[in-house]
Amino acid sequence: MVNFIWLFFIVAGFIVAAVKGNIELVTQAAFEGAKSGVTVCFGLISVMVFWLGMMRIAEDAGLLQKLAVLLRPFVRFLFPSVPKDHPAIGYIMSNMSANILGLGNAATPMGIKAMQELQSLNPNKEMASPAMCTLLALNTASITLIPTTLIAIRMNYQSVNPTDIVGTTLVATFISTLAAIAVDKWYRRRNTPLFRTPPANPRGKG
């Protein structure tokens, strides 16, 4: 679906530029966009390397393990169908820890591994399990203490105070996380036998 959206934007840009007689602007915009993309990527490298290094130091110092211990009751509450000692629990906690610290790139591999482990527990391989949906929701709306990537982008564009978004980001991601958990629990309750709508009686009898 995303590919079709981008294709629509590209084709629409060409059509509008051709109608207005400024087709050369499309080529100019393409080169400027490529240049900006490379510049932003180079600006992100230093910040990502720094924070990934900090992540490794925190891991060696045992900070991530302590954070994982704090998250364990929360994870058990959110993923009741996953066995306590299953490998998926460890990957889920690592993914959540990295997201909380704003290291989305470091969280992605752990999220993929967690999904693979959850798929091994999934009885219906053609449909995502409730635990997989929960992980996806949390990974998308995760509370973030340090928005590393956004800070790096703001630094790259010479923001006067690139870290002034930390407070608002924390509030916004806290609200988004609560919303994700609430919606997830609501759907889980609807899928339980107690809240599932009984099938209609074909004879119309009670």
# chains A, B, ... in the order shown; residues from 1 in each chain; ligands from 1

$ select_by_dssp --residues "region 97-192 of chain A" --states "alpha helix (DSSP H)" --output "JSON, numbers by chain"
{"A": [97, 98, 99, 100, 104, 105, 106, 107, 108, 109, 110, 111, 112, 113, 114, 115, 116, 117, 118, 119, 120, 121, 130, 131, 132, 133, 134, 135, 136, 137, 138, 139, 140, 141, 148, 149, 150, 151, 152, 153, 154, 155, 156, 166, 167, 168, 169, 170, 171, 172, 173, 174, 175, 176, 177, 178, 179, 180, 181, 182, 183, 184, 185, 186, 187, 188, 189, 190]}

$ write_last_selection --atoms "C-alpha atoms" --output "PDB file, in the first residue's frame"
ATOM      1  CA  SER A  97      14.258  -1.381  27.025  1.00  0.00           C
ATOM      2  CA  ALA A  98      15.820  -0.114  23.791  1.00  0.00           C
ATOM      3  CA  ASN A  99      12.631   1.731  22.823  1.00  0.00           C
ATOM      4  CA  ILE A 100      12.409   3.390  26.239  1.00  0.00           C
ATOM      5  CA  GLY A 104      14.768   2.402  17.761  1.00  0.00           C
ATOM      6  CA  ASN A 105      17.471   0.974  15.502  1.00  0.00           C
ATOM      7  CA  ALA A 106      18.748  -1.214  18.319  1.00  0.00           C
ATOM      8  CA  ALA A 107      15.196  -2.246  19.234  1.00  0.00           C
ATOM      9  CA  THR A 108      14.303  -3.453  15.743  1.00  0.00           C
ATOM     10  CA  PRO A 109      16.409  -6.680  15.732  1.00  0.00           C
ATOM     11  CA  MET A 110      15.076  -7.613  19.166  1.00  0.00           C
ATOM     12  CA  GLY A 111      11.526  -6.942  18.004  1.00  0.00           C
ATOM     13  CA  ILE A 112      11.994  -9.178  14.968  1.00  0.00           C
ATOM     14  CA  LYS A 113      13.391 -11.987  17.124  1.00  0.00           C
ATOM     15  CA  ALA A 114      10.496 -11.577  19.565  1.00  0.00           C
ATOM     16  CA  MET A 115       8.005 -11.829  16.703  1.00  0.00           C
ATOM     17  CA  GLN A 116       9.686 -15.003  15.457  1.00  0.00           C
ATOM     18  CA  GLU A 117       9.471 -16.564  18.910  1.00  0.00           C
ATOM     19  CA  LEU A 118       5.840 -15.505  19.306  1.00  0.00           C
ATOM     20  CA  GLN A 119       5.081 -17.008  15.900  1.00  0.00           C
ATOM     21  CA  SER A 120       6.395 -20.343  17.190  1.00  0.00           C
ATOM     22  CA  LEU A 121       3.670 -20.176  19.874  1.00  0.00           C
ATOM     23  CA  PRO A 130      -2.941 -11.468  20.307  1.00  0.00           C
ATOM     24  CA  ALA A 131       0.587 -11.406  21.777  1.00  0.00           C
ATOM     25  CA  MET A 132       2.048 -10.433  18.394  1.00  0.00           C
ATOM     26  CA  CYS A 133      -0.498  -7.625  18.053  1.00  0.00           C
ATOM     27  CA  THR A 134       0.352  -6.412  21.555  1.00  0.00           C
ATOM     28  CA  LEU A 135       4.067  -6.324  20.770  1.00  0.00           C
ATOM     29  CA  LEU A 136       3.458  -4.424  17.531  1.00  0.00           C
ATOM     30  CA  ALA A 137       1.294  -1.857  19.335  1.00  0.00           C
ATOM     31  CA  LEU A 138       3.855  -1.344  22.093  1.00  0.00           C
ATOM     32  CA  ASN A 139       6.747  -1.147  19.661  1.00  0.00           C
ATOM     33  CA  THR A 140       4.913   1.534  17.670  1.00  0.00           C
ATOM     34  CA  ALA A 141       3.685   3.622  20.609  1.00  0.00           C
ATOM     35  CA  THR A 148      17.639  10.054  20.119  1.00  0.00           C
ATOM     36  CA  THR A 149      16.746  10.127  16.432  1.00  0.00           C
ATOM     37  CA  LEU A 150      14.704  13.334  16.670  1.00  0.00           C
ATOM     38  CA  ILE A 151      17.452  15.044  18.647  1.00  0.00           C
ATOM     39  CA  ALA A 152      19.970  14.023  15.989  1.00  0.00           C
ATOM     40  CA  ILE A 153      17.788  15.402  13.183  1.00  0.00           C
ATOM     41  CA  ARG A 154      17.291  18.703  15.044  1.00  0.00           C
ATOM     42  CA  MET A 155      21.037  18.954  15.639  1.00  0.00           C
ATOM     43  CA  ASN A 156      21.660  18.306  11.953  1.00  0.00           C
ATOM     44  CA  VAL A 166      12.394  15.652  25.535  1.00  0.00           C
ATOM     45  CA  GLY A 167       9.596  16.682  27.887  1.00  0.00           C
ATOM     46  CA  THR A 168       6.860  16.853  25.275  1.00  0.00           C
ATOM     47  CA  THR A 169       8.037  13.599  23.689  1.00  0.00           C
ATOM     48  CA  LEU A 170       7.899  11.868  27.065  1.00  0.00           C
ATOM     49  CA  VAL A 171       4.336  13.078  27.665  1.00  0.00           C
ATOM     50  CA  ALA A 172       3.197  12.215  24.134  1.00  0.00           C
ATOM     51  CA  THR A 173       4.700   8.714  24.156  1.00  0.00           C
ATOM     52  CA  PHE A 174       3.355   8.075  27.663  1.00  0.00           C
ATOM     53  CA  ILE A 175      -0.159   8.890  26.451  1.00  0.00           C
ATOM     54  CA  SER A 176       0.288   6.837  23.269  1.00  0.00           C
ATOM     55  CA  THR A 177       1.505   3.855  25.304  1.00  0.00           C
ATOM     56  CA  LEU A 178      -1.481   4.045  27.651  1.00  0.00           C
ATOM     57  CA  ALA A 179      -3.809   4.288  24.639  1.00  0.00           C
ATOM     58  CA  ALA A 180      -2.178   1.270  22.982  1.00  0.00           C
ATOM     59  CA  ILE A 181      -2.482  -0.811  26.153  1.00  0.00           C
ATOM     60  CA  ALA A 182      -6.110   0.232  26.687  1.00  0.00           C
ATOM     61  CA  VAL A 183      -7.118  -0.641  23.119  1.00  0.00           C
ATOM     62  CA  ASP A 184      -5.196  -3.923  23.284  1.00  0.00           C
ATOM     63  CA  LYS A 185      -6.923  -4.958  26.524  1.00  0.00           C
ATOM     64  CA  TRP A 186     -10.312  -3.952  25.130  1.00  0.00           C
ATOM     65  CA  TYR A 187      -9.864  -6.155  22.068  1.00  0.00           C
ATOM     66  CA  ARG A 188      -8.581  -9.010  24.200  1.00  0.00           C
ATOM     67  CA  ARG A 189     -11.702  -8.826  26.382  1.00  0.00           C
ATOM     68  CA  ARG A 190     -13.925  -8.847  23.303  1.00  0.00           C
TER      69      ARG A 190
END

$ residues_around --residues "region 25-35 of chain A" --least-positions-apart "5" --cutoff "8 Å" --atoms "only C-alpha atoms" --output "PDB file with all heavy atoms, in the first residue's frame"
ATOM      1  N   GLY A  13       3.357  14.517  -9.128  1.00  0.00           N
ATOM      2  CA  GLY A  13       4.349  15.581  -9.239  1.00  0.00           C
ATOM      3  C   GLY A  13       4.763  15.817 -10.681  1.00  0.00           C
ATOM      4  O   GLY A  13       4.865  16.969 -11.136  1.00  0.00           O
ATOM      5  N   PHE A  14       4.997  14.718 -11.397  1.00  0.00           N
ATOM      6  CA  PHE A  14       5.366  14.839 -12.810  1.00  0.00           C
ATOM      7  C   PHE A  14       4.239  15.493 -13.609  1.00  0.00           C
ATOM      8  O   PHE A  14       4.480  16.367 -14.461  1.00  0.00           O
ATOM      9  CB  PHE A  14       5.690  13.463 -13.395  1.00  0.00           C
ATOM     10  CG  PHE A  14       7.120  13.067 -13.237  1.00  0.00           C
ATOM     11  CD1 PHE A  14       7.486  12.119 -12.303  1.00  0.00           C
ATOM     12  CD2 PHE A  14       8.104  13.642 -14.031  1.00  0.00           C
ATOM     13  CE1 PHE A  14       8.815  11.746 -12.147  1.00  0.00           C
ATOM     14  CE2 PHE A  14       9.430  13.278 -13.886  1.00  0.00           C
ATOM     15  CZ  PHE A  14       9.797  12.335 -12.944  1.00  0.00           C
ATOM     16  N   ALA A  17       3.907  19.254 -12.738  1.00  0.00           N
ATOM     17  CA  ALA A  17       5.043  20.003 -13.297  1.00  0.00           C
ATOM     18  C   ALA A  17       4.935  20.125 -14.808  1.00  0.00           C
ATOM     19  O   ALA A  17       5.240  21.181 -15.387  1.00  0.00           O
ATOM     20  CB  ALA A  17       6.349  19.308 -12.910  1.00  0.00           C
TER      21      ALA A  17
END

$ closest_residue --among "A:Val49, A:Ile15, A:Leu63, A:Ile92" --to "Arg76 (chain A)" --atoms "only C-alpha atoms"
A:Ile92

$ atom_distance --atom1 "CA of Met93 (chain A)" --atom2 "CA of Val69 (chain A)"
8.6 Å

$ closest_residue --among "A:Lys66, A:Arg56, A:Arg72, A:Lys125" --to "Lys84 (chain A)" --atoms "only C-alpha atoms"
A:Arg72

$ atom_distance --atom1 "CA of Thr163 (chain A)" --atom2 "CA of Pro147 (chain A)"
8.6 Å
